[in-house]
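First comes the structure, then the notes that go with it.
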Amino acid sequence: MLKRTLTGIALVMMLAGFTLCGYFVSPIFVDMLILIFLAGAVYEMRKCFKQAGYDMYISPAIVMLVLAYPSFYLMQHFIGGGSSSVSSGIQGMLFVLLISVMLCLSIFTFRPMMKKRPICAKGEDCAEKNYISADMPTVENITQGEITPPKSNINNLLANVFILIYPMLFLSAAWILSYKYSALFAVLFVIFVPIIGSDMFAYFIGSTIGGKKLCPKISPKKTVAGAIGGLLGGMVVAIAFWAVFEYAGSVAPKFAEACRYVPFISHSDVGWMWKSALIYLAIGLICGAVSELGDLAASAIKRAIGIKDYGKIFPGHGGFMDRIDSVMYCIVVLLVAFTCIYGY
């Protein structure tokens, strides 16, 4: 537990450093923080899938990593005019995603011509031959019943496309939050609520109380008590953000203005304080719930490909993916919530 706690403190300090640079220097530091975690998560996912026996293509992932943020940023500034509407930036990211998927399909199409391996005859077990990138069966062989097309080829394609979506597309959406809304508020909220709130509360309450397991076949250590603690933690951290950005922002409006934070409800409205607090609590509760779902989904993927942790870069916490599995789900929640709250 000590190692886990010390690593957690180090991560918080790193976040604080990027946050301070984002406040005093430029919000682009927050965007770079997203890019660091995105690169680490993609590396871990590719490594894990490759260890599981999948044929992983490197060029689509590199194209997405290298071009996604520049395309978003440049399209937003030069086509969108730098406005708060990020439709142009989203178009830029969509272009890169589609190009990356096209690369996957092209590699899938021509890779069999580059690697010569025996084709599995009908009735043979392709897995025994370690069939990963064999010659693609001809149409004539398939129609004549001589060949059973192995599933490995299409599984490799789907694995590579999957990584372009999870985690790449999920985390890339954080740049929309960063640019369209307050970078400091939105990105910190989507990190602290699931990690400091849901994950840590779930861990400490679950390990202290114990009790009935939540989903023993997927994640044996998670308990119902821990899940409830995660919901409470999400609301606690959310209300802390309310105190900093809404309440303190009303007392010191220059701070909120410097963070580019726009209140959920105009402070001139009657009852804005308790109304905005309720909205924060609701978002914290939903983020706490989806954090559990994101964590379980990542655990299910680990079980499916036969690994314990995605990585070991954070002692006691695992890898990048082990830290951001819940964050990715909360990004989606905030995108929906902010669209409803602000109307854009």
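The chains in the structure tokens are called A, B, ... from first to last as shown; in each chain the residues are counted from 1, and the ligands are counted from 1 in the order shown.
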Checklist entry - Using the chain letters and numbers from this document, which residues of stretch 185-327 of chain A does DSSP assign to strand (DSSP E), as a ChimeraX atom specification? => result /A:213-215,219-223
Item to check | Contact residues around stretch 41-55 of chain A with only C-alpha atoms at 8 Å, ignoring same-chain residues under 2 positions, as a PyMOL selection string | outcome: chain A and resi 37-39+57+61+132-133+155-156+159+163+167-168+305-307+310-311+319-321
Checklist outcome for this item: Separating atom CA of A:Phe78 from atom CA of A:Ser178, to the nearest tenth of an Å, is a gap of 17.9 Å
Item to check | Contact residues around A:Leu334 with only C-alpha atoms at 9 Å, ignoring same-chain residues under 6 positions, as a PyMOL selection string | outcome: chain A and resi 177+186+189-190+283+287
Would you save the residues from that selection as a PDB file, in the first residue's frame, using C-alpha atoms?
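Output below, filename again-v4.pdb:
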```
ATOM      1  CA  LEU A 177     -12.765  19.350 -23.786  1.00  0.00           C
ATOM      2  CA  ALA A 186     -12.233  20.153 -17.790  1.00  0.00           C
ATOM      3  CA  PHE A 189     -11.961  17.278 -13.580  1.00  0.00           C
ATOM      4  CA  VAL A 190     -11.885  14.309 -15.934  1.00  0.00           C
ATOM      5  CA  ILE A 283     -21.892  14.626 -12.758  1.00  0.00           C
ATOM      6  CA  CYS A 287     -18.569   9.716 -13.451  1.00  0.00           C
TER       7      CYS A 287
END
```
Checklist entry - Can you tell me how far atom CA of A:Ile196 sits from atom CA of A:Gly318, in Å to one decimal? => result 15.7 Å
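In this comparison, which uses only C-alpha atoms, the residue of A:Val336, A:Met102, A:Ala183, A:Ala304 approaching A:Phe18 most closely is A:Ala183.
Atom CA of A:Lys180 is found 19.1 Å from atom CA of A:Phe24.
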Item to check | Long-range neighbours of A:Pro27 as a ChimeraX atom specification, 12 Å cut-off, only C-alpha atoms, 2 positions minimum in chain | outcome: /A:18-25,29-34,175,177-188,258-260
Write to file, as a short mmCIF file (atom, residue, chain, number, x, y, z; two decimals), in the first residue's frame, the residues of the selection just made, with N, CA, C and O atoms.
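The file below, selection-v4.cif, is the result:
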```cif
data_model
loop_
_atom_site.label_atom_id
_atom_site.label_comp_id
_atom_site.auth_asym_id
_atom_site.auth_seq_id
_atom_site.Cartn_x
_atom_site.Cartn_y
_atom_site.Cartn_z
N PHE A 18 2.13 20.18 -14.62
CA PHE A 18 1.55 20.51 -15.91
C PHE A 18 0.43 21.53 -15.76
O PHE A 18 0.24 22.40 -16.62
N THR A 19 -0.31 21.44 -14.66
CA THR A 19 -1.41 22.37 -14.42
C THR A 19 -0.89 23.79 -14.22
O THR A 19 -1.43 24.76 -14.77
N LEU A 20 0.15 23.92 -13.40
CA LEU A 20 0.72 25.24 -13.15
C LEU A 20 1.27 25.85 -14.44
O LEU A 20 1.08 27.05 -14.71
N CYS A 21 1.93 25.02 -15.24
CA CYS A 21 2.43 25.51 -16.53
C CYS A 21 1.26 25.90 -17.44
O CYS A 21 1.34 26.89 -18.18
N GLY A 22 0.18 25.13 -17.36
CA GLY A 22 -1.00 25.45 -18.16
C GLY A 22 -1.65 26.74 -17.74
O GLY A 22 -2.22 27.45 -18.57
N TYR A 23 -1.57 27.06 -16.45
CA TYR A 23 -2.20 28.29 -15.94
C TYR A 23 -1.31 29.51 -16.20
O TYR A 23 -1.78 30.55 -16.67
N PHE A 24 -0.01 29.38 -15.90
CA PHE A 24 0.88 30.54 -15.97
C PHE A 24 1.55 30.71 -17.33
O PHE A 24 1.96 31.82 -17.67
N VAL A 25 1.68 29.63 -18.09
CA VAL A 25 2.39 29.71 -19.37
C VAL A 25 1.41 29.61 -20.54
O VAL A 25 1.16 30.58 -21.25
N PHE A 29 0.20 23.05 -22.43
CA PHE A 29 0.85 22.09 -21.54
C PHE A 29 -0.14 21.01 -21.10
O PHE A 29 0.24 19.85 -20.92
N VAL A 30 -1.39 21.38 -20.93
CA VAL A 30 -2.42 20.40 -20.58
C VAL A 30 -2.64 19.45 -21.75
O VAL A 30 -2.79 18.24 -21.56
N ASP A 31 -2.62 19.99 -22.96
CA ASP A 31 -2.76 19.14 -24.15
C ASP A 31 -1.60 18.17 -24.27
O ASP A 31 -1.77 17.02 -24.68
N MET A 32 -0.39 18.62 -23.92
CA MET A 32 0.77 17.73 -23.98
C MET A 32 0.68 16.63 -22.93
O MET A 32 1.16 15.50 -23.15
N LEU A 33 0.08 16.93 -21.78
CA LEU A 33 -0.13 15.89 -20.77
C LEU A 33 -1.03 14.79 -21.33
O LEU A 33 -0.76 13.59 -21.14
N ILE A 34 -2.07 15.19 -22.06
CA ILE A 34 -2.96 14.22 -22.69
C ILE A 34 -2.19 13.37 -23.70
O ILE A 34 -2.34 12.15 -23.76
N TRP A 175 -8.94 16.50 -26.02
CA TRP A 175 -8.53 17.77 -26.62
C TRP A 175 -9.73 18.63 -26.95
O TRP A 175 -9.65 19.86 -26.94
N LEU A 177 -12.45 18.74 -25.08
CA LEU A 177 -12.77 19.35 -23.79
C LEU A 177 -11.80 20.49 -23.48
O LEU A 177 -12.19 21.55 -23.00
N SER A 178 -10.51 20.25 -23.76
CA SER A 178 -9.48 21.23 -23.43
C SER A 178 -9.65 22.52 -24.21
O SER A 178 -9.48 23.62 -23.65
N TYR A 179 -10.01 22.41 -25.49
CA TYR A 179 -10.09 23.61 -26.32
C TYR A 179 -11.45 24.28 -26.26
O TYR A 179 -11.56 25.50 -26.22
N LYS A 180 -12.50 23.45 -26.24
CA LYS A 180 -13.85 24.01 -26.31
C LYS A 180 -14.27 24.64 -24.99
O LYS A 180 -14.99 25.64 -24.96
N TYR A 181 -13.81 24.05 -23.89
CA TYR A 181 -14.17 24.55 -22.57
C TYR A 181 -12.89 25.00 -21.86
O TYR A 181 -11.89 25.26 -22.50
N SER A 182 -12.93 25.10 -20.56
CA SER A 182 -11.73 25.48 -19.81
C SER A 182 -10.78 24.30 -19.73
O SER A 182 -11.13 23.24 -19.19
N ALA A 183 -9.57 24.45 -20.28
CA ALA A 183 -8.61 23.35 -20.28
C ALA A 183 -8.27 22.90 -18.87
O ALA A 183 -8.27 21.70 -18.56
N LEU A 184 -7.99 23.88 -18.00
CA LEU A 184 -7.61 23.53 -16.63
C LEU A 184 -8.75 22.85 -15.89
O LEU A 184 -8.55 21.85 -15.21
N PHE A 185 -9.94 23.39 -16.02
CA PHE A 185 -11.08 22.80 -15.32
C PHE A 185 -11.45 21.44 -15.89
O PHE A 185 -11.53 20.44 -15.17
N ALA A 186 -11.70 21.37 -17.18
CA ALA A 186 -12.23 20.15 -17.79
C ALA A 186 -11.27 18.98 -17.69
O ALA A 186 -11.65 17.87 -17.29
N VAL A 187 -10.01 19.20 -18.04
CA VAL A 187 -9.04 18.10 -18.04
C VAL A 187 -8.75 17.64 -16.61
O VAL A 187 -8.66 16.44 -16.34
N LEU A 188 -8.58 18.59 -15.70
CA LEU A 188 -8.35 18.20 -14.30
C LEU A 188 -9.56 17.47 -13.72
O LEU A 188 -9.42 16.50 -12.98
N ALA A 258 -9.15 33.79 -15.66
CA ALA A 258 -7.83 33.33 -16.11
C ALA A 258 -7.86 31.87 -16.52
O ALA A 258 -7.10 31.45 -17.40
N CYS A 259 -8.72 31.07 -15.89
CA CYS A 259 -8.87 29.66 -16.24
C CYS A 259 -9.81 29.44 -17.41
O CYS A 259 -10.01 28.30 -17.83
N ARG A 260 -10.40 30.52 -17.91
CA ARG A 260 -11.40 30.46 -18.98
C ARG A 260 -12.63 29.63 -18.55
O ARG A 260 -13.29 29.02 -19.37
#
```
